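Below: entry_12.tsv (TSV, C-alpha atoms)
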chain	number	residue	atom	x	y	z
K	1	GLN	CA	-11.36	-26.57	7.73
K	2	VAL	CA	-7.93	-25.51	9.05
K	3	GLN	CA	-6.82	-26.16	12.62
K	4	ALA	CA	-4.10	-24.43	14.63
K	5	LEU	CA	-2.21	-26.95	16.78
K	6	VAL	CA	-0.08	-25.70	19.68
K	7	ASP	CA	2.83	-27.51	21.35
K	8	PRO	CA	1.32	-29.36	24.37
K	9	GLU	CA	3.81	-27.59	26.64
K	10	LEU	CA	2.36	-24.28	25.53
K	11	LYS	CA	-1.24	-25.32	25.32
K	12	ASP	CA	-1.79	-24.91	29.05
K	13	ASN	CA	-0.49	-21.35	28.76
K	14	GLY	CA	-2.38	-20.58	25.57
K	15	VAL	CA	-5.79	-18.94	25.74
K	16	PRO	CA	-8.09	-19.28	22.71
K	17	SER	CA	-8.79	-15.61	21.94
K	18	ARG	CA	-11.38	-15.93	19.17
K	19	ARG	CA	-12.46	-18.07	16.24
K	20	ASN	CA	-13.10	-17.18	12.66
K	21	SER	CA	-14.07	-19.08	9.54
K	22	THR	CA	-10.59	-20.46	8.91
K	23	ILE	CA	-8.34	-20.98	11.93
K	24	ASP	CA	-8.24	-21.03	15.72
K	25	ILE	CA	-6.13	-18.31	17.31
K	26	PHE	CA	-4.07	-18.74	20.49
K	27	VAL	CA	-2.52	-15.88	22.46
K	28	VAL	CA	0.47	-16.93	24.58
K	29	ASP	CA	1.59	-14.82	27.54
K	30	LYS	CA	5.32	-14.12	27.54
K	31	ALA	CA	5.54	-14.48	31.31
K	32	ASN	CA	4.73	-18.20	31.19
K	33	LEU	CA	7.07	-19.24	28.40
K	34	ASP	CA	10.20	-20.00	30.44
K	35	ARG	CA	12.44	-17.74	28.32
K	36	ARG	CA	11.68	-19.51	25.10
K	37	GLN	CA	12.04	-17.03	22.23
K	38	TYR	CA	10.64	-19.01	19.34
K	39	HIS	CA	7.67	-21.31	19.21
K	40	GLN	CA	6.43	-23.36	16.35
K	41	LEU	CA	2.79	-23.19	15.31
K	42	GLU	CA	1.74	-25.85	12.85
K	43	ILE	CA	-1.16	-25.01	10.61
K	44	ILE	CA	-2.42	-28.18	9.02
K	45	LYS	CA	-4.98	-28.11	6.25
K	46	GLN	CA	-7.02	-31.19	5.46
K	47	GLY	CA	-6.06	-32.54	2.08
K	48	ARG	CA	-2.68	-32.65	0.41
K	49	ARG	CA	-0.63	-29.85	1.85
K	50	SER	CA	0.53	-28.36	5.15
K	51	ILE	CA	2.69	-25.44	6.11
K	52	ALA	CA	4.72	-24.63	9.22
K	53	THR	CA	5.41	-21.10	10.35
K	54	HIS	CA	7.90	-19.96	12.99
K	55	LEU	CA	6.60	-16.98	14.89
K	56	THR	CA	8.76	-14.50	16.78
K	57	GLN	CA	7.80	-13.41	20.26
K	58	SER	CA	6.61	-9.78	20.48
K	59	ASN	CA	7.02	-7.38	23.40
K	60	ARG	CA	4.14	-8.81	25.38
K	61	LYS	CA	2.28	-11.51	23.50
K	62	LEU	CA	2.68	-13.89	20.61
K	63	PHE	CA	-0.28	-14.16	18.28
K	64	VAL	CA	-1.33	-15.44	14.90
K	65	ARG	CA	-4.27	-14.18	12.91
K	66	GLY	CA	-5.73	-15.58	9.73
K	67	GLY	CA	-8.82	-16.48	7.79
K	68	ALA	CA	-11.56	-14.49	6.18
K	69	THR	CA	-12.48	-12.21	9.07
K	70	GLU	CA	-10.43	-9.27	10.24
K	71	ASP	CA	-10.55	-6.52	12.83
K	72	LYS	CA	-11.63	-3.42	10.93
K	73	THR	CA	-11.80	-0.90	13.76
K	74	SER	CA	-9.40	1.26	11.77
K	75	ASN	CA	-8.51	1.48	8.12
K	76	VAL	CA	-4.93	2.37	9.06
K	77	ARG	CA	-2.90	-0.28	10.85
K	78	ALA	CA	0.79	-0.82	11.36
K	79	ASN	CA	1.82	-4.34	10.38
K	80	SER	CA	4.96	-6.38	9.86
K	81	SER	CA	5.57	-9.27	7.52
K	82	SER	CA	8.49	-11.67	7.44
K	83	THR	CA	10.25	-12.02	4.14
K	84	ARG	CA	11.79	-15.27	2.90
K	85	ASN	CA	14.97	-14.27	4.68
K	86	ALA	CA	14.14	-15.01	8.32
K	87	SER	CA	16.74	-12.50	9.52
K	88	THR	CA	14.90	-9.52	8.02
K	89	GLU	CA	11.41	-8.08	8.31
K	90	THR	CA	9.49	-5.82	5.98
K	91	LYS	CA	7.38	-3.34	7.90
K	92	PHE	CA	4.35	-1.81	6.23
K	93	VAL	CA	1.26	0.28	6.85
K	94	LYS	CA	-2.09	-0.62	5.33
K	95	LEU	CA	-4.06	2.51	4.35
K	96	ASP	CA	-7.09	0.88	2.73
K	97	ASN	CA	-8.91	-2.42	2.38
K	98	PRO	CA	-9.60	-4.29	-0.87
K	99	ALA	CA	-13.03	-3.90	-2.44
K	100	PRO	CA	-15.41	-6.80	-1.71
K	101	GLY	CA	-15.50	-9.64	-4.19
K	102	SER	CA	-12.83	-9.58	-6.90
K	103	PRO	CA	-11.02	-6.21	-7.02
K	104	PHE	CA	-9.85	-5.32	-10.52
K	105	HIS	CA	-6.23	-4.50	-11.37
K	106	LEU	CA	-5.30	-1.85	-13.93
K	107	ALA	CA	-1.80	-0.70	-14.92
K	108	MET	CA	-1.35	2.56	-16.80
K	109	PRO	CA	1.63	4.49	-18.21
K	110	VAL	CA	2.53	7.91	-16.80
K	111	HIS	CA	5.21	10.44	-17.64
K	112	ASP	CA	6.04	11.59	-14.08
K	113	LEU	CA	5.46	9.70	-10.82
K	114	ASP	CA	5.52	12.82	-8.61
K	115	VAL	CA	2.84	14.44	-10.75
K	116	ALA	CA	0.85	11.19	-10.76
K	117	LYS	CA	1.04	11.05	-6.96
K	118	GLU	CA	-0.33	14.57	-6.66
K	119	PHE	CA	-3.23	13.72	-8.97
K	120	TYR	CA	-4.20	10.24	-7.81
K	121	GLY	CA	-3.19	10.68	-4.18
K	122	ASN	CA	-4.37	14.24	-3.49
K	123	VAL	CA	-6.88	15.23	-6.18
K	124	LEU	CA	-8.70	11.89	-6.39
K	125	GLY	CA	-7.88	10.93	-2.80
K	126	CYS	CA	-6.61	7.41	-3.57
K	127	ALA	CA	-4.69	5.71	-0.77
K	128	GLU	CA	-1.17	4.74	-1.85
K	129	GLY	CA	0.04	1.15	-1.57
K	130	ARG	CA	3.35	-0.35	-2.63
K	131	SER	CA	5.73	1.74	-4.68
K	132	SER	CA	9.22	1.78	-6.15
K	133	GLU	CA	11.28	4.28	-8.13
K	134	LYS	CA	9.45	3.19	-11.29
K	135	TRP	CA	5.82	2.54	-10.26
K	136	GLN	CA	3.15	3.30	-7.64
K	137	ASP	CA	0.09	1.36	-6.42
K	138	TYR	CA	-3.14	3.16	-5.52
K	139	SER	CA	-6.50	2.08	-4.15
K	140	LEU	CA	-9.36	3.36	-6.28
K	141	HIS	CA	-12.26	2.56	-3.94
K	142	GLY	CA	-10.48	-0.69	-3.06
K	143	HIS	CA	-9.47	-1.55	-6.63
K	144	GLN	CA	-5.79	-1.66	-7.56
K	145	ILE	CA	-4.49	0.82	-10.11
K	146	VAL	CA	-0.77	1.09	-10.83
K	147	CYS	CA	1.06	4.03	-12.39
K	148	HIS	CA	4.14	2.92	-14.33
K	149	TRP	CA	6.72	5.50	-15.39
K	150	VAL	CA	7.43	4.94	-19.10
K	151	GLY	CA	9.31	8.11	-20.04
K	152	ASN	CA	8.91	11.87	-19.79
K	153	ASP	CA	7.49	12.17	-23.30
K	154	TYR	CA	4.53	9.86	-22.79
K	155	ARG	CA	1.03	11.20	-23.45
K	156	CYS	CA	-2.02	9.06	-24.07
K	157	ILE	CA	-3.09	8.84	-27.73
K	158	ASP	CA	-6.83	9.43	-27.96
K	159	TYR	CA	-9.41	7.87	-30.21
K	160	PHE	CA	-13.04	8.94	-30.17
K	161	ASN	CA	-16.41	7.28	-30.44
K	162	PRO	CA	-19.84	8.96	-30.34
K	163	VAL	CA	-22.03	8.02	-27.36
K	164	ASP	CA	-25.39	9.76	-26.89
K	165	GLY	CA	-24.17	12.89	-28.66
K	166	ASP	CA	-20.76	13.07	-26.96
K	167	GLU	CA	-17.38	12.35	-28.55
K	168	VAL	CA	-16.11	9.89	-25.96
K	169	PRO	CA	-12.31	9.45	-25.70
K	170	VAL	CA	-10.98	5.90	-25.70
K	171	PRO	CA	-9.29	4.21	-24.01
K	172	HIS	CA	-10.69	5.26	-20.66
K	173	PHE	CA	-11.38	3.72	-17.25
K	174	GLY	CA	-13.19	4.59	-14.04
K	175	LEU	CA	-15.89	3.46	-11.63
K	176	ALA	CA	-19.65	3.22	-11.41
K	177	LEU	CA	-20.43	5.20	-8.26
K	178	THR	CA	-23.56	5.96	-6.28
K	179	GLU	CA	-25.20	9.28	-7.19
K	180	GLU	CA	-24.02	10.80	-3.91
K	181	GLN	CA	-20.43	9.69	-4.58
K	182	PHE	CA	-20.63	10.92	-8.17
K	183	HIS	CA	-21.70	14.46	-7.29
K	184	ALA	CA	-19.22	14.65	-4.39
K	185	LEU	CA	-16.39	13.66	-6.76
K	186	ALA	CA	-17.56	16.16	-9.39
K	187	LYS	CA	-17.38	18.96	-6.82
K	188	ARG	CA	-13.96	17.77	-5.61
K	189	LEU	CA	-12.63	17.89	-9.17
K	190	GLU	CA	-14.14	21.32	-9.82
K	191	ASP	CA	-12.62	22.66	-6.60
K	192	ALA	CA	-9.22	21.28	-7.69
K	193	GLY	CA	-9.47	23.03	-11.05
K	194	VAL	CA	-9.62	19.82	-13.10
K	195	GLU	CA	-10.78	20.49	-16.67
K	196	PHE	CA	-13.56	18.20	-17.88
K	197	ILE	CA	-13.45	16.71	-21.36
K	198	ILE	CA	-17.15	15.93	-20.97
K	199	PRO	CA	-18.65	17.75	-17.98
K	200	PRO	CA	-20.94	16.01	-15.50
K	201	HIS	CA	-24.38	15.46	-17.04
K	202	LEU	CA	-27.19	12.95	-17.40
K	203	ARG	CA	-27.20	10.76	-20.51
K	204	PHE	CA	-29.55	8.10	-21.91
K	205	LYS	CA	-32.35	10.02	-20.18
K	206	ASP	CA	-35.54	8.00	-19.59
K	207	GLN	CA	-33.86	4.84	-20.88
K	208	PRO	CA	-32.93	1.72	-18.88
K	209	GLY	CA	-29.28	2.83	-19.03
K	210	GLU	CA	-29.90	6.35	-17.73
K	211	GLN	CA	-26.76	7.49	-15.95
K	212	TRP	CA	-24.69	10.42	-14.77
K	213	THR	CA	-21.29	10.62	-16.43
K	214	MET	CA	-18.16	12.79	-16.60
K	215	PHE	CA	-14.81	12.51	-18.38
K	216	PHE	CA	-11.45	14.08	-17.56
K	217	LYS	CA	-7.73	13.37	-17.95
K	218	ASP	CA	-4.88	12.69	-15.59
K	219	PRO	CA	-1.68	14.76	-16.12
K	220	SER	CA	-0.32	12.13	-18.54
K	221	GLY	CA	-3.40	12.36	-20.73
K	222	ASN	CA	-4.99	9.10	-19.60
K	223	ASN	CA	-8.77	9.35	-19.79
K	224	LEU	CA	-11.04	8.64	-16.84
K	225	GLU	CA	-14.81	8.28	-16.77
K	226	PHE	CA	-16.87	8.12	-13.61
K	227	LYS	CA	-20.54	7.34	-13.88
K	228	SER	CA	-23.58	6.66	-11.74
K	229	MET	CA	-26.58	4.66	-12.87
K	230	THR	CA	-29.85	6.22	-11.77
K	231	THR	CA	-31.05	2.61	-11.40
K	232	LEU	CA	-28.03	0.69	-10.10
K	233	ASP	CA	-29.40	-2.73	-11.06
K	234	ASN	CA	-29.52	-1.64	-14.73
K	235	LEU	CA	-25.75	-1.41	-15.09
K	236	PHE	CA	-25.79	-4.46	-17.38
K	237	ALA	CA	-29.28	-4.03	-18.85
K	238	LYS	CA	-29.13	-5.45	-22.40
K	239	TYR	CA	-30.95	-3.53	-25.14
K	240	ASN	CA	-30.11	-1.79	-28.42
K	241	VAL	CA	-29.10	1.84	-28.02
K	242	VAL	CA	-29.83	4.22	-30.88
K	243	ASP	CA	-27.23	7.00	-30.99
Can the structure in the file be given as structure tokens, please?
Amino acid sequence: QVQALVDPELKDNGVPSRRNSTIDIFVVDKANLDRRQYHQLEIIKQGRRSIATHLTQSNRKLFVRGGATEDKTSNVRANSSSTRNASTETKFVKLDNPAPGSPFHLAMPVHDLDVAKEFYGNVLGCAEGRSSEKWQDYSLHGHQIVCHWVGNDYRCIDYFNPVDGDEVPVPHFGLALTEEQFHALAKRLEDAGVEFIIPPHLRFKDQPGEQWTMFFKDPSGNNLEFKSMTTLDNLFAKYNVVD
């Protein structure tokens, strides 16, 4: 349980705007603050530690938001975040939300960041996150993938393993999608002229692990597989597969 405590002088002017699972939120009207520009909000957590945050007054209202719930009326929101240097602010735009649960993180080498941006951003439709001159973050259905520039000569070295009659390239990565998402992505890739290593098809037919699958490469030769279980709950069904 975390409580938000407001200076008694401000409490009469503060209106509790909403509650969530973690903290209370107070909105303070600028007109009633008697020209005060900074106000201290102490957030005290039961147990061993506490933190204090100084908040800067905005154009009209001062507010703090926190906890597990969040306004999701739009996937695109302008935000600002204070860095450790109180005199500067880092402004950012959030283009996607994390996947529920524990989003995975994957870093991969690429030979050209502009080419990677065209593929992951435009062909696959991944929202871009943080970036620098040497790497780029992308949201792959809410999971974090990062393209790291490692040199213009890089190309993925492939190994192969037979799976249900196909020579599957390894390493590879991807997602387990719904069938609707799988076929929509397959059409998107076909329309973009992406060449399949293993075209979309059904494998392990009539077995517990029956699934749609497709393999293709990014421009740096990294292998991707997207699949869709015909019975979603069987993703981790344990049995011996005879190739």
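What separates CA of Lys134 (chain K) from CA of Pro171 (chain K) is a distance of 22.7 Å.
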> Hey, can you check how far CA of Lys187 (chain K) sits from CA of Trp212 (chain K)?
Replying inline: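 Interatomic distance, CA of Lys187 (chain K) to CA of Trp212 (chain K): 13.8 Å.
The residue that comes closest to Gly174 (chain K), out of K:Phe226, K:Tyr159, K:Phe204, K:Trp149 and on the basis of all atoms listed in the file, is K:Phe226.
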>> Residues near Gly125 (chain K), anyone? I mean within 12 Å using all atoms listed in the file, not counting same-chain ones fewer than 6 positions away, as a PyMOL selection string.
In response: chain K and resi 95-96+116-119+138-142+185+188-189+192
> Pick the closest to Cys126 (chain K) from K:Asn152, K:Thr213, K:Asn97, K:Asn240: which is it, counting only C-alpha atoms?
Replying inline: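 Once distances to Cys126 (chain K) are computed over only C-alpha atoms, the minimum belongs to K:Asn97.
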> Using all atoms listed in the file, which of K:Val241, K:Ala107, K:Leu175, K:Met214 sits nearest Cys147 (chain K)?
Replying inline: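 Using all atoms listed in the file, Cys147 (chain K) sits closest to K:Ala107.
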> Between K:Val194, K:Ala176, K:Ala186, K:Val146, which is the closest to Phe236 (chain K) once you count all atoms listed in the file?
Replying inline: K:Ala176
